[in-house]
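Below: coords_4.csv (CSV, C-alpha atoms)
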chain,number,residue,atom,x,y,z
A,2,MET,CA,-20.0,-8.4,9.3
A,3,ASN,CA,-16.6,-6.9,10.0
A,4,ALA,CA,-14.6,-3.9,8.8
A,5,LEU,CA,-11.5,-4.0,6.7
A,6,THR,CA,-9.4,-0.9,6.8
A,7,ILE,CA,-6.4,0.1,4.7
A,8,ASP,CA,-4.0,2.8,6.0
A,9,LEU,CA,-2.8,4.2,2.6
A,10,GLU,CA,0.6,5.8,3.4
A,11,TYR,CA,4.2,5.5,2.4
A,12,TRP,CA,6.3,2.7,3.8
A,13,TRP,CA,8.6,5.1,5.4
A,14,CYS,CA,5.8,6.4,7.7
A,15,ASN,CA,6.5,3.4,9.9
A,16,GLU,CA,7.7,5.0,13.2
A,17,PHE,CA,10.2,2.2,13.7
A,18,LEU,CA,12.1,3.4,10.6
A,19,THR,CA,11.9,7.2,10.7
A,20,LYS,CA,15.4,7.5,12.2
A,21,TYR,CA,17.1,5.3,9.7
A,22,LEU,CA,15.7,6.4,6.3
A,23,PRO,CA,18.0,7.0,3.3
A,24,GLU,CA,17.8,10.3,1.4
A,25,LYS,CA,16.7,8.5,-1.8
A,26,ARG,CA,13.8,6.1,-1.6
A,27,ILE,CA,11.3,4.5,-3.9
A,28,ALA,CA,7.7,4.7,-2.8
A,29,HIS,CA,6.3,1.6,-4.5
A,30,VAL,CA,2.8,2.9,-3.9
A,31,ILE,CA,1.1,1.7,-7.1
A,32,GLU,CA,3.0,-1.6,-7.1
A,33,SER,CA,1.8,-2.4,-3.5
A,34,VAL,CA,-1.8,-1.2,-3.9
A,35,SER,CA,-2.7,-2.8,-7.2
A,36,PRO,CA,-2.5,-6.4,-6.0
A,37,LEU,CA,-4.6,-5.6,-3.0
A,38,LEU,CA,-7.3,-3.9,-5.2
A,39,ASP,CA,-7.3,-7.0,-7.4
A,40,LEU,CA,-7.8,-9.2,-4.4
A,41,LEU,CA,-10.7,-7.1,-3.0
A,42,HIS,CA,-12.3,-7.1,-6.4
A,43,LYS,CA,-11.9,-10.9,-6.7
A,44,TYR,CA,-13.7,-11.4,-3.4
A,45,GLU,CA,-16.3,-8.7,-3.9
A,46,THR,CA,-15.1,-6.9,-0.8
A,47,HIS,CA,-15.2,-3.2,-0.1
A,48,ALA,CA,-12.9,-1.6,2.5
A,49,THR,CA,-12.2,1.8,4.1
A,50,PHE,CA,-9.0,3.4,2.9
A,51,PHE,CA,-7.6,5.9,5.4
A,52,VAL,CA,-5.7,8.0,2.9
A,53,LEU,CA,-2.7,10.2,3.8
A,54,GLY,CA,-3.2,13.7,2.4
A,55,ASP,CA,0.3,14.0,1.1
A,56,LEU,CA,0.0,10.7,-0.7
A,57,ALA,CA,-3.3,11.7,-2.2
A,58,LYS,CA,-1.7,14.8,-3.6
A,59,GLN,CA,1.0,12.8,-5.3
A,60,TYR,CA,-1.3,10.0,-6.5
A,61,PRO,CA,-4.7,11.5,-7.3
A,62,GLU,CA,-5.5,9.0,-10.0
A,63,LEU,CA,-4.9,6.1,-7.6
A,64,VAL,CA,-7.3,7.6,-5.0
A,65,GLU,CA,-9.9,8.1,-7.8
A,66,THR,CA,-9.5,4.5,-8.8
A,67,ILE,CA,-10.0,3.3,-5.2
A,68,TYR,CA,-13.1,5.4,-4.9
A,69,ASN,CA,-14.5,4.3,-8.2
A,70,ASP,CA,-14.0,0.7,-7.2
A,71,GLY,CA,-16.6,1.3,-4.4
A,72,HIS,CA,-14.3,1.7,-1.5
A,73,GLU,CA,-14.7,4.3,1.2
A,74,ILE,CA,-12.2,7.2,1.3
A,75,ALA,CA,-11.4,8.4,4.8
A,76,CYS,CA,-8.8,10.7,6.3
A,77,HIS,CA,-5.4,9.7,7.7
A,78,SER,CA,-4.2,13.3,8.3
A,79,TYR,CA,-1.7,15.0,5.9
A,80,SER,CA,1.9,14.3,6.9
A,81,HIS,CA,1.6,11.3,9.2
A,82,LYS,CA,2.9,13.2,12.2
A,83,ALA,CA,1.5,11.9,15.5
A,84,LEU,CA,-1.2,14.2,17.1
A,85,HIS,CA,0.9,15.0,20.2
A,86,GLU,CA,3.6,16.2,17.9
A,87,LEU,CA,1.2,18.4,15.8
A,88,GLY,CA,-0.7,20.0,18.7
A,89,GLU,CA,-4.2,21.3,18.3
A,90,GLU,CA,-3.4,24.1,15.8
A,91,GLY,CA,-1.1,21.9,13.7
A,92,PHE,CA,-3.7,19.2,13.6
A,93,GLN,CA,-6.4,21.6,12.4
A,94,GLU,CA,-4.1,22.7,9.6
A,95,GLU,CA,-3.4,19.1,8.6
A,96,ILE,CA,-7.1,18.3,8.4
A,97,LYS,CA,-7.7,21.4,6.3
A,98,LYS,CA,-4.9,20.4,3.9
A,99,SER,CA,-6.2,16.9,3.6
A,100,LEU,CA,-9.8,17.9,3.0
A,101,ASP,CA,-8.7,20.3,0.3
A,102,ILE,CA,-7.4,17.1,-1.5
A,103,ILE,CA,-9.9,14.4,-0.6
A,104,GLY,CA,-12.9,16.5,0.4
A,105,LYS,CA,-14.6,15.6,-2.9
A,106,TYR,CA,-15.0,12.1,-1.7
A,107,HIS,CA,-17.0,13.3,1.3
A,108,PRO,CA,-14.9,11.5,4.0
A,109,ILE,CA,-16.7,11.0,7.3
A,110,GLY,CA,-14.0,8.9,9.0
A,111,PHE,CA,-10.6,9.6,10.5
A,112,ARG,CA,-7.7,7.6,11.8
A,113,ALA,CA,-4.8,9.2,13.6
A,114,PRO,CA,-1.3,8.4,12.5
A,115,SER,CA,0.2,5.7,14.8
A,116,PHE,CA,-3.2,5.5,16.6
A,117,SER,CA,-2.1,8.6,18.5
A,118,ILE,CA,-5.5,9.5,20.0
A,119,ASN,CA,-5.4,9.1,23.8
A,120,ASN,CA,-6.3,11.3,26.8
A,121,SER,CA,-3.4,13.6,26.0
A,122,THR,CA,-4.8,14.3,22.6
A,123,ARG,CA,-8.5,14.0,23.3
A,124,TRP,CA,-9.0,17.5,21.9
A,125,ALA,CA,-8.9,15.8,18.5
A,126,PHE,CA,-12.6,14.8,18.8
A,127,THR,CA,-13.7,18.4,19.1
A,128,ILE,CA,-11.7,19.3,16.0
A,129,LEU,CA,-13.0,16.3,14.1
A,130,ASN,CA,-16.6,17.2,14.9
A,131,LYS,CA,-15.9,20.8,13.8
A,132,PHE,CA,-14.9,19.5,10.3
A,133,GLY,CA,-17.9,17.3,10.0
A,134,PHE,CA,-16.4,13.9,10.7
A,135,LYS,CA,-18.8,11.3,12.0
A,136,TYR,CA,-16.5,8.6,13.3
A,137,ASP,CA,-12.9,7.9,14.3
A,138,SER,CA,-11.0,4.7,14.3
A,139,SER,CA,-7.8,5.5,16.3
A,140,VAL,CA,-8.3,4.0,19.7
A,141,PHE,CA,-6.3,0.8,20.3
A,142,PRO,CA,-7.6,-0.8,23.6
A,143,ALA,CA,-4.3,-2.3,24.6
A,144,ARG,CA,-0.9,-1.0,25.6
A,145,THR,CA,1.9,-1.4,23.0
A,146,MET,CA,5.4,0.1,22.6
A,147,LEU,CA,4.0,3.2,20.7
A,148,TYR,CA,0.3,3.6,21.5
A,149,GLY,CA,-2.7,2.4,23.2
A,150,VAL,CA,-5.7,3.2,25.5
A,151,PRO,CA,-5.9,0.4,28.0
A,152,GLY,CA,-9.4,0.1,29.4
A,153,ALA,CA,-11.2,1.6,26.4
A,154,PRO,CA,-14.4,-0.3,25.3
A,155,LEU,CA,-13.9,-3.0,22.8
A,156,ASP,CA,-17.1,-2.3,20.9
A,157,VAL,CA,-18.2,0.8,19.0
A,158,TYR,CA,-18.9,3.7,21.4
A,159,ARG,CA,-18.9,7.5,21.8
A,160,PRO,CA,-15.8,8.7,23.6
A,161,SER,CA,-16.1,11.2,26.4
A,162,LEU,CA,-14.3,14.5,25.9
A,163,LEU,CA,-13.0,14.1,29.5
A,164,ASP,CA,-11.8,10.5,29.2
A,165,VAL,CA,-11.5,8.8,25.8
A,166,ALA,CA,-11.8,5.4,27.5
A,167,GLN,CA,-15.3,6.2,28.8
A,168,ASN,CA,-18.5,6.1,26.8
A,169,ASP,CA,-20.6,9.2,26.5
A,170,PRO,CA,-24.0,8.5,24.9
A,171,LYS,CA,-24.2,12.2,23.9
A,172,GLY,CA,-20.8,12.2,22.3
A,173,LYS,CA,-20.6,13.7,18.8
A,174,ILE,CA,-18.0,11.3,17.4
A,175,ILE,CA,-18.5,7.5,17.1
A,176,GLU,CA,-15.4,5.6,18.0
A,177,VAL,CA,-14.6,2.3,16.1
A,178,PRO,CA,-11.7,0.8,18.1
A,179,LEU,CA,-9.2,-1.6,16.7
A,180,THR,CA,-9.8,-5.2,17.5
A,181,VAL,CA,-8.0,-6.9,20.4
A,182,LEU,CA,-8.2,-10.4,21.6
A,183,LYS,CA,-9.2,-10.6,25.3
A,184,PHE,CA,-7.2,-13.4,26.9
A,185,GLY,CA,-6.7,-12.4,30.5
A,186,THR,CA,-5.5,-9.1,29.2
A,187,ASN,CA,-6.1,-7.3,25.8
A,188,ILE,CA,-3.8,-8.7,23.2
A,189,PRO,CA,-3.1,-6.7,20.0
A,190,PHE,CA,-4.7,-8.7,17.2
A,191,SER,CA,-6.0,-6.2,14.6
A,192,GLY,CA,-3.6,-6.5,11.7
A,193,GLY,CA,-0.4,-4.8,10.7
A,194,PHE,CA,2.7,-6.4,12.3
A,195,TYR,CA,0.5,-8.7,14.3
A,196,PHE,CA,-1.2,-10.0,11.1
A,197,ARG,CA,2.2,-10.7,9.6
A,198,LEU,CA,3.6,-12.3,12.8
A,199,ILE,CA,0.8,-14.6,13.8
A,200,PRO,CA,0.4,-17.8,11.7
A,201,PHE,CA,-2.9,-17.6,9.8
A,202,TRP,CA,-4.4,-20.8,11.4
A,203,LEU,CA,-3.9,-19.1,14.8
A,204,PHE,CA,-5.1,-15.7,13.5
A,205,ARG,CA,-8.3,-17.4,12.2
A,206,ILE,CA,-9.0,-19.1,15.5
A,207,GLY,CA,-8.6,-15.9,17.4
A,208,LEU,CA,-10.8,-14.0,14.9
A,209,ASN,CA,-13.5,-16.6,15.1
A,210,GLU,CA,-13.7,-16.1,18.8
A,211,ILE,CA,-13.8,-12.3,18.5
A,212,VAL,CA,-16.6,-12.2,15.9
A,213,LYS,CA,-18.8,-14.3,18.2
A,214,LYS,CA,-19.1,-11.2,20.4
A,215,ARG,CA,-18.5,-8.2,18.2
A,216,PRO,CA,-17.5,-7.2,14.6
A,217,ALA,CA,-13.8,-7.2,14.0
A,218,VAL,CA,-11.9,-4.1,12.8
A,219,ILE,CA,-8.8,-5.2,10.8
A,220,TYR,CA,-6.1,-2.9,9.4
A,221,ILE,CA,-3.2,-3.3,7.0
A,222,HIS,CA,-0.8,-1.1,5.1
A,223,PRO,CA,-0.3,-1.9,1.4
A,224,TRP,CA,3.5,-1.8,1.8
A,225,GLU,CA,3.1,-4.8,4.2
A,226,LEU,CA,1.8,-6.9,1.4
A,227,TYR,CA,4.6,-6.0,-1.0
A,228,PRO,CA,7.5,-8.3,-0.6
A,229,VAL,CA,10.5,-6.0,-1.1
A,230,SER,CA,13.1,-5.3,1.5
A,231,TYR,CA,14.9,-2.0,1.8
A,232,ASP,CA,18.6,-1.6,2.5
A,233,LEU,CA,18.4,0.3,5.8
A,234,LYS,CA,21.0,0.7,8.6
A,235,ALA,CA,18.4,0.0,11.2
A,236,PRO,CA,18.6,-2.0,14.5
A,237,PHE,CA,17.4,-5.6,14.3
A,238,LEU,CA,14.1,-4.9,16.1
A,239,SER,CA,13.1,-2.0,13.8
A,240,TYR,CA,14.0,-4.0,10.7
A,241,PHE,CA,12.2,-7.1,12.0
A,242,GLU,CA,9.0,-5.2,12.8
A,243,SER,CA,8.9,-3.6,9.4
A,244,ASN,CA,9.8,-6.6,7.2
A,245,TYR,CA,8.9,-9.8,8.9
A,246,GLY,CA,6.2,-11.8,7.1
A,247,LYS,CA,5.9,-9.5,4.1
A,248,LYS,CA,6.7,-12.4,1.7
A,249,PHE,CA,3.5,-14.3,2.6
A,250,ALA,CA,1.2,-11.4,3.7
A,251,LEU,CA,-0.7,-11.1,0.5
A,252,LYS,CA,-1.5,-14.8,0.5
A,253,LYS,CA,-2.6,-14.5,4.1
A,254,MET,CA,-4.8,-11.6,3.1
A,255,GLU,CA,-6.5,-13.7,0.5
A,256,LYS,CA,-7.2,-16.4,3.1
A,257,LEU,CA,-8.7,-13.7,5.3
A,258,LEU,CA,-11.0,-12.6,2.5
A,259,LYS,CA,-12.0,-16.2,1.9
A,260,HIS,CA,-13.0,-16.9,5.5
A,261,PHE,CA,-14.5,-13.6,6.7
A,262,LYS,CA,-16.9,-11.0,5.3
A,263,PHE,CA,-16.0,-7.3,5.5
A,264,LEU,CA,-17.7,-3.9,5.0
A,265,PRO,CA,-16.3,-0.4,5.0
A,266,ILE,CA,-16.6,1.3,8.4
A,267,LYS,CA,-19.2,3.8,7.2
A,268,GLU,CA,-21.5,0.8,6.5
A,269,LEU,CA,-20.6,-1.1,9.7
A,270,ILE,CA,-21.4,1.7,12.1
A,271,TYR,CA,-25.0,1.8,10.8
A,272,ALA,CA,-25.3,-2.0,10.9
A,273,VAL,CA,-24.3,-2.6,14.5
Rewrite the structure of this file - the entire thing - as C-alpha coordinates.
Amino acid sequence: MNALTIDLEYWWCNEFLTKYLPEKRIAHVIESVSPLLDLLHKYETHATFFVLGDLAKQYPELVETIYNDGHEIACHSYSHKALHELGEEGFQEEIKKSLDIIGKYHPIGFRAPSFSINNSTRWAFTILNKFGFKYDSSVFPARTMLYGVPGAPLDVYRPSLLDVAQNDPKGKIIEVPLTVLKFGTNIPFSGGFYFRLIPFWLFRIGLNEIVKKRPAVIYIHPWELYPVSYDLKAPFLSYFESNYGKKFALKKMEKLLKHFKFLPIKELIYAV
(Lines of atoms letter the chains of each structure in order from A and count residues from 1; the text may use other names and numbers.)
(Lines give C-alpha, C1' and ligand atoms only; values in the text may rest on other atoms or scores of the structure.)
Protein backbone atom coordinates (compact mmCIF):
# COMPACT_ATOMS: atom_id res chain seq x y z
CA MET A 1 0.00 0.00 0.00
CA ASN A 2 1.03 3.59 -0.68
CA ALA A 3 0.11 6.96 0.81
CA LEU A 4 -1.80 9.68 -1.01
CA THR A 5 -1.40 13.13 0.50
CA ILE A 6 -3.24 16.34 -0.35
CA ASP A 7 -1.73 19.72 0.56
CA LEU A 8 -4.88 21.76 1.13
CA GLU A 9 -3.81 25.35 0.61
CA TYR A 10 -4.58 28.37 -1.60
CA TRP A 11 -3.22 28.43 -5.14
CA TRP A 12 -1.28 31.58 -4.34
CA CYS A 13 0.81 29.72 -1.74
CA ASN A 14 2.97 28.51 -4.62
CA GLU A 15 6.40 30.06 -4.00
CA PHE A 16 6.91 30.60 -7.72
CA LEU A 17 3.99 33.05 -7.71
CA THR A 18 4.22 34.98 -4.44
CA LYS A 19 6.03 37.95 -6.02
CA TYR A 20 3.48 38.36 -8.81
CA LEU A 21 0.10 38.10 -7.11
CA PRO A 22 -2.74 40.53 -7.90
CA GLU A 23 -4.43 42.32 -5.01
CA LYS A 24 -7.79 40.75 -5.85
CA ARG A 25 -7.87 37.00 -6.38
CA ILE A 26 -10.43 34.21 -6.28
CA ALA A 27 -9.56 31.21 -4.13
CA HIS A 28 -11.54 28.50 -5.99
CA VAL A 29 -11.14 26.23 -2.96
CA ILE A 30 -14.50 24.46 -3.05
CA GLU A 31 -14.46 24.20 -6.85
CA SER A 32 -11.04 22.52 -6.84
CA VAL A 33 -11.56 20.21 -3.87
CA SER A 34 -15.04 18.86 -4.71
CA PRO A 35 -14.03 16.93 -7.90
CA LEU A 36 -11.11 15.39 -6.00
CA LEU A 37 -13.35 14.25 -3.16
CA ASP A 38 -15.73 12.73 -5.73
CA LEU A 39 -12.85 10.81 -7.31
CA LEU A 40 -11.60 9.52 -3.95
CA HIS A 41 -15.12 8.38 -3.09
CA LYS A 42 -15.51 6.66 -6.48
CA TYR A 43 -12.35 4.62 -5.96
CA GLU A 44 -12.96 4.06 -2.23
CA THR A 45 -9.66 5.74 -1.41
CA HIS A 46 -8.83 7.62 1.76
CA ALA A 47 -6.01 10.17 1.83
CA THR A 48 -4.18 12.45 4.24
CA PHE A 49 -5.12 16.11 3.90
CA PHE A 50 -2.41 18.44 5.21
CA VAL A 51 -4.62 21.43 5.94
CA LEU A 52 -3.42 25.01 6.12
CA GLY A 53 -4.73 26.60 9.32
CA ASP A 54 -5.77 29.83 7.65
CA LEU A 55 -7.76 27.90 5.04
CA ALA A 56 -9.41 25.75 7.71
CA LYS A 57 -10.48 28.93 9.47
CA GLN A 58 -12.11 30.26 6.30
CA TYR A 59 -13.65 26.93 5.18
CA PRO A 60 -14.54 24.96 8.34
CA GLU A 61 -17.44 23.14 6.65
CA LEU A 62 -15.12 21.84 3.95
CA VAL A 63 -12.64 20.45 6.48
CA GLU A 64 -15.54 18.84 8.36
CA THR A 65 -16.74 17.22 5.12
CA ILE A 66 -13.27 15.88 4.35
CA TYR A 67 -13.03 14.39 7.83
CA ASN A 68 -16.51 12.89 7.68
CA ASP A 69 -15.61 11.28 4.36
CA GLY A 70 -13.01 9.22 6.25
CA HIS A 71 -9.87 11.13 5.32
CA GLU A 72 -7.07 12.00 7.74
CA ILE A 73 -6.72 15.64 8.77
CA ALA A 74 -3.11 16.68 9.37
CA CYS A 75 -1.36 20.01 9.89
CA HIS A 76 0.28 22.17 7.20
CA SER A 77 1.05 25.13 9.53
CA TYR A 78 -1.09 28.27 9.53
CA SER A 79 0.18 30.84 7.02
CA HIS A 80 2.32 28.73 4.63
CA LYS A 81 5.49 30.61 5.52
CA ALA A 82 8.62 28.47 5.25
CA LEU A 83 10.12 27.36 8.57
CA HIS A 84 13.38 29.27 8.07
CA GLU A 85 11.29 32.42 7.66
CA LEU A 86 9.23 31.76 10.79
CA GLY A 87 12.03 30.77 13.15
CA GLU A 88 11.43 28.60 16.22
CA GLU A 89 9.18 31.03 18.09
CA GLY A 90 7.12 31.87 15.02
CA PHE A 91 6.74 28.20 14.17
CA GLN A 92 5.40 27.42 17.64
CA GLU A 93 2.84 30.18 17.30
CA GLU A 94 1.72 28.85 13.92
CA ILE A 95 1.29 25.34 15.33
CA LYS A 96 -0.78 26.72 18.23
CA LYS A 97 -3.02 28.71 15.88
CA SER A 98 -3.52 25.74 13.59
CA LEU A 99 -4.33 23.35 16.43
CA ASP A 100 -6.87 25.80 17.81
CA ILE A 101 -8.74 25.29 14.53
CA ILE A 102 -8.11 21.66 13.54
CA GLY A 103 -7.25 20.20 16.94
CA LYS A 104 -10.69 18.58 17.22
CA TYR A 105 -9.65 16.21 14.41
CA HIS A 106 -6.70 14.98 16.51
CA PRO A 107 -3.97 15.53 13.91
CA ILE A 108 -0.84 13.44 14.45
CA GLY A 109 0.93 14.41 11.23
CA PHE A 110 2.65 17.53 9.93
CA ARG A 111 4.03 18.76 6.61
CA ALA A 112 6.13 21.90 6.42
CA PRO A 113 5.21 24.50 3.79
CA SER A 114 7.46 24.10 0.75
CA PHE A 115 9.02 21.00 2.38
CA SER A 116 11.15 23.41 4.41
CA ILE A 117 12.51 21.00 7.02
CA ASN A 118 16.23 20.47 6.61
CA ASN A 119 19.27 20.72 8.86
CA SER A 120 18.84 24.48 9.26
CA THR A 121 15.31 23.93 10.64
CA ARG A 122 15.76 20.60 12.41
CA TRP A 123 14.53 22.24 15.63
CA ALA A 124 11.06 21.68 14.17
CA PHE A 125 11.11 18.03 15.28
CA THR A 126 11.47 19.01 18.93
CA ILE A 127 8.53 21.40 18.61
CA LEU A 128 6.39 18.82 16.81
CA ASN A 129 7.05 16.32 19.58
CA LYS A 130 6.15 18.96 22.16
CA PHE A 131 2.72 19.40 20.57
CA GLY A 132 2.03 15.68 20.35
CA PHE A 133 2.66 14.99 16.68
CA LYS A 134 3.69 11.44 15.81
CA TYR A 135 4.99 11.85 12.27
CA ASP A 136 6.27 14.37 9.76
CA SER A 137 6.24 14.22 5.97
CA SER A 138 8.43 17.12 4.90
CA VAL A 139 11.77 15.61 3.92
CA PHE A 140 12.35 15.54 0.16
CA PRO A 141 15.40 13.29 -0.44
CA ALA A 142 16.54 15.15 -3.55
CA ARG A 143 17.85 18.61 -4.37
CA THR A 144 15.41 20.94 -6.14
CA MET A 145 15.35 24.69 -6.81
CA LEU A 146 13.52 25.39 -3.53
CA TYR A 147 14.07 22.52 -1.11
CA GLY A 148 15.54 19.10 -0.51
CA VAL A 149 17.65 16.95 1.83
CA PRO A 150 20.00 14.98 -0.44
CA GLY A 151 21.17 11.78 1.19
CA ALA A 152 18.13 11.36 3.42
CA PRO A 153 16.69 7.82 3.65
CA LEU A 154 14.07 6.90 1.06
CA ASP A 155 12.08 4.74 3.50
CA VAL A 156 10.20 5.69 6.65
CA TYR A 157 12.72 6.51 9.40
CA ARG A 158 13.26 8.51 12.61
CA PRO A 159 15.38 11.63 11.98
CA SER A 160 18.28 12.48 14.23
CA LEU A 161 18.05 15.86 15.94
CA LEU A 162 21.68 16.41 14.91
CA ASP A 163 21.26 15.52 11.23
CA VAL A 164 17.84 15.08 9.63
CA ALA A 165 19.39 12.86 6.95
CA GLN A 166 20.40 10.29 9.57
CA ASN A 167 18.22 7.68 11.24
CA ASP A 168 17.98 7.65 15.03
CA PRO A 169 16.12 4.56 16.29
CA LYS A 170 15.31 6.50 19.48
CA GLY A 171 13.93 9.52 17.62
CA LYS A 172 10.53 10.74 18.75
CA ILE A 173 9.15 11.69 15.33
CA ILE A 174 8.59 9.28 12.45
CA GLU A 175 9.60 10.76 9.10
CA VAL A 176 7.66 9.75 5.98
CA PRO A 177 9.80 11.18 3.15
CA LEU A 178 8.40 12.11 -0.22
CA THR A 179 9.01 9.57 -2.94
CA VAL A 180 11.89 9.94 -5.38
CA LEU A 181 12.98 7.72 -8.25
CA LYS A 182 16.55 6.49 -7.85
CA PHE A 183 18.14 6.53 -11.30
CA GLY A 184 21.82 7.15 -10.71
CA THR A 185 20.72 10.08 -8.58
CA ASN A 186 17.46 10.78 -6.77
CA ILE A 187 14.93 12.25 -9.18
CA PRO A 188 11.84 14.12 -7.85
CA PHE A 189 8.86 11.95 -8.62
CA SER A 190 6.33 12.42 -5.84
CA GLY A 191 3.62 14.50 -7.43
CA GLY A 192 2.85 18.18 -7.73
CA PHE A 193 4.55 19.74 -10.76
CA TYR A 194 6.33 16.47 -11.50
CA PHE A 195 3.00 14.65 -11.68
CA ARG A 196 1.66 17.27 -14.09
CA LEU A 197 4.84 17.29 -16.16
CA ILE A 198 5.52 13.57 -16.63
CA PRO A 199 3.26 11.66 -19.07
CA PHE A 200 1.15 9.19 -17.11
CA TRP A 201 2.52 6.12 -18.91
CA LEU A 202 6.02 7.11 -17.79
CA PHE A 203 4.85 8.06 -14.29
CA ARG A 204 3.21 4.64 -13.98
CA ILE A 205 6.38 2.81 -15.06
CA GLY A 206 8.47 4.73 -12.54
CA LEU A 207 5.97 4.20 -9.74
CA ASN A 208 5.78 0.48 -10.49
CA GLU A 209 9.54 0.27 -9.98
CA ILE A 210 9.40 2.25 -6.74
CA VAL A 211 6.63 0.20 -5.12
CA LYS A 212 8.61 -2.99 -5.62
CA LYS A 213 10.97 -1.69 -2.94
CA ARG A 214 8.96 0.63 -0.71
CA PRO A 215 5.55 2.32 -0.37
CA ALA A 216 5.18 5.46 -2.46
CA VAL A 217 4.19 8.77 -0.89
CA ILE A 218 2.42 10.95 -3.45
CA TYR A 219 1.30 14.56 -3.01
CA ILE A 220 -0.93 16.93 -4.94
CA HIS A 221 -2.59 20.31 -4.41
CA PRO A 222 -6.28 20.60 -5.33
CA TRP A 223 -5.57 23.79 -7.31
CA GLU A 224 -3.35 21.70 -9.60
CA LEU A 225 -6.39 19.64 -10.60
CA TYR A 226 -8.56 22.66 -11.38
CA PRO A 227 -7.99 23.82 -14.99
CA VAL A 228 -8.25 27.57 -14.61
CA SER A 229 -5.43 29.96 -15.49
CA TYR A 230 -4.84 33.25 -13.69
CA ASP A 231 -3.84 36.47 -15.38
CA LEU A 232 -0.49 37.04 -13.73
CA LYS A 233 2.43 39.18 -14.81
CA ALA A 234 4.90 36.45 -13.95
CA PRO A 235 8.04 35.25 -15.77
CA PHE A 236 7.60 32.30 -18.10
CA LEU A 237 9.25 29.81 -15.71
CA SER A 238 6.96 30.76 -12.81
CA TYR A 239 3.85 30.67 -14.98
CA PHE A 240 4.88 27.35 -16.55
CA GLU A 241 5.57 25.69 -13.20
CA SER A 242 2.22 26.74 -11.76
CA ASN A 243 -0.01 26.05 -14.79
CA TYR A 244 1.46 23.36 -17.00
CA GLY A 245 -0.61 20.18 -17.16
CA LYS A 246 -3.55 21.38 -15.07
CA LYS A 247 -5.96 20.74 -17.92
CA PHE A 248 -5.36 16.98 -17.78
CA ALA A 249 -4.28 16.52 -14.15
CA LEU A 250 -7.66 15.37 -12.82
CA LYS A 251 -7.84 12.66 -15.48
CA LYS A 252 -4.30 11.59 -14.59
CA MET A 253 -5.32 11.44 -10.95
CA GLU A 254 -8.17 9.09 -11.86
CA LYS A 255 -5.74 6.84 -13.73
CA LEU A 256 -3.48 6.85 -10.67
CA LEU A 257 -6.35 5.73 -8.43
CA LYS A 258 -7.26 3.00 -10.92
CA HIS A 259 -3.79 1.47 -10.99
CA PHE A 260 -2.50 1.94 -7.42
CA LYS A 261 -3.89 1.52 -3.91
CA PHE A 262 -3.47 4.22 -1.26
CA LEU A 263 -3.89 4.72 2.47
CA PRO A 264 -3.68 7.79 4.70
CA ILE A 265 -0.22 8.16 6.21
CA LYS A 266 -1.46 7.44 9.73
CA GLU A 267 -2.41 3.95 8.55
CA LEU A 268 0.67 3.46 6.39
CA ILE A 269 3.18 4.07 9.20
CA TYR A 270 1.67 1.23 11.21
CA ALA A 271 1.54 -1.09 8.18
CA VAL A 272 5.21 -0.86 7.13
query = Which residue gives the smallest distance to Leu264 (chain A) among A:Glu16, A:Ala48, A:Asp8, A:Ile211, with only C-alpha atoms counted?
reply =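 Looking only at the distances to Leu264 (chain A), the closest residue turns out to be A:Ala48.
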request  = Between CA of Pro200 (chain A) and CA of Ala4 (chain A), measure the distance and give it in Å to one decimal.
outcome  =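 CA of Ala4 (chain A) lies at a distance of 20.7 Å from CA of Pro200 (chain A).
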request  = May I have the residues within 10 Å of Leu179 (chain A) as a PyMOL selection string, using only C-alpha atoms and disregarding those fewer than 4 positions away in the same chain?
outcome  = chain A and resi 4+6+116+138-143+155-157+189-192+217-220
inquiry  = Report, in Å to a single decimal, how far apart CA of Gln167 (chain A) and CA of Phe194 (chain A) are.
reply    =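 Answer for the CA of Phe194 (chain A) to CA of Gln167 (chain A) separation: 27.5 Å.
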request  = Measuring atom to atom with all atoms listed in the file, identify which of A:Pro228, A:Pro61, A:Gly149, A:Gly207 is nearest to Lys105 (chain A).
outcome  =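 The answer is A:Pro61, which sits nearest to Lys105 (chain A).
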key: Polymer residues at most 7 Å from (-3.2, 16.5, 9.6) by only C-alpha atoms, as a list in words   = Ser78, Tyr79, Ser80, Phe92, Gln93, Glu94, Glu95, Ile96 and Ser99 of chain A
For CA of Leu37 (chain A) and CA of Leu129 (chain A), the interatomic separation in Å (one decimal) =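 Atom-to-atom, CA of Leu37 (chain A) and CA of Leu129 (chain A) are spaced 29.0 Å apart.
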Contact residues around region 243-253 of chain A with all atoms listed in the file at 9 Å, ignoring same-chain residues under 2 positions, as number ranges by chain = A: 12, 15, 17-18, 36-37, 40, 194, 196-198, 200-201, 224-231, 238-241, 255-258
Would you tabulate, counting all atoms listed in the file, all residues of region 51-165 of chain A that have an atom at most 12 Å from an atom of region 28-31 of chain A, showing the closest pair of atoms and their distance in Å to one decimal, sorted by chain then ascending number, as JSON lines?
{"residue": "A:Leu53", "atom": "CA", "partner": "A:Val30", "partner_atom": "CA", "distance": 12.0}
{"residue": "A:Leu56", "atom": "CA", "partner": "A:Val30", "partner_atom": "CA", "distance": 8.9}
{"residue": "A:Ala57", "atom": "CA", "partner": "A:Val30", "partner_atom": "CA", "distance": 10.8}
{"residue": "A:Gln59", "atom": "CA", "partner": "A:Val30", "partner_atom": "CA", "distance": 10.2}
{"residue": "A:Tyr60", "atom": "CA", "partner": "A:Val30", "partner_atom": "CA", "distance": 8.6}
{"residue": "A:Pro61", "atom": "CA", "partner": "A:Ile31", "partner_atom": "CA", "distance": 11.4}
{"residue": "A:Glu62", "atom": "CA", "partner": "A:Ile31", "partner_atom": "CA", "distance": 10.3}
{"residue": "A:Leu63", "atom": "CA", "partner": "A:Ile31", "partner_atom": "CA", "distance": 7.5}
{"residue": "A:Val64", "atom": "CA", "partner": "A:Ile31", "partner_atom": "CA", "distance": 10.5}
{"residue": "A:Thr66", "atom": "CA", "partner": "A:Ile31", "partner_atom": "CA", "distance": 11.1}
{"residue": "A:Ile67", "atom": "CA", "partner": "A:Ile31", "partner_atom": "CA", "distance": 11.4}
Residue neighbourhood Thr127 (chain A), 9 Å, all atoms listed in the file, exclusion window fewer than 5 positions, as a short mmCIF file (atom, residue, chain, number, x, y, z; two decimals) with C-alpha atoms, keeping the file's coordinate frame:
data_model
loop_
_atom_site.label_atom_id
_atom_site.label_comp_id
_atom_site.auth_asym_id
_atom_site.auth_seq_id
_atom_site.Cartn_x
_atom_site.Cartn_y
_atom_site.Cartn_z
CA PHE A 132 -14.90 19.50 10.30
CA LEU A 162 -14.30 14.50 25.90
CA LYS A 173 -20.60 13.70 18.80
CA ILE A 174 -18.00 11.30 17.40
#
Among the residues A:Tyr136, A:Trp124, A:Tyr106, A:Tyr68, the one that comes closest to Leu84 (chain A) [using only C-alpha atoms] = A:Trp124
task = Would you mind telling me which residue in A:Arg123, A:Lys131, A:His77, A:Lys98 lies nearest to Glu10 (chain A) when using only C-alpha atoms?
result = A:His77
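Distance annotation: of A:Ile206, A:Met254, A:Arg144, A:Gly88, the residue with the minimal separation from His222 (chain A) is A:Met254; atom set is only C-alpha atoms.
Near (-21.0, 7.1, 21.3), the residues inside the 6 Å limit, counting only C-alpha atoms, come to Tyr158, Arg159, Pro160, Asp169, Pro170, Gly172 and Ile175 of chain A.
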task = Considering all atoms listed in the file, state which residue in the set A:Val52, A:Leu182, A:Ile27, A:Ala83 is at the smallest distance from Lys213 (chain A).
result =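 That would be A:Leu182, the residue with the smallest distance to Lys213 (chain A).
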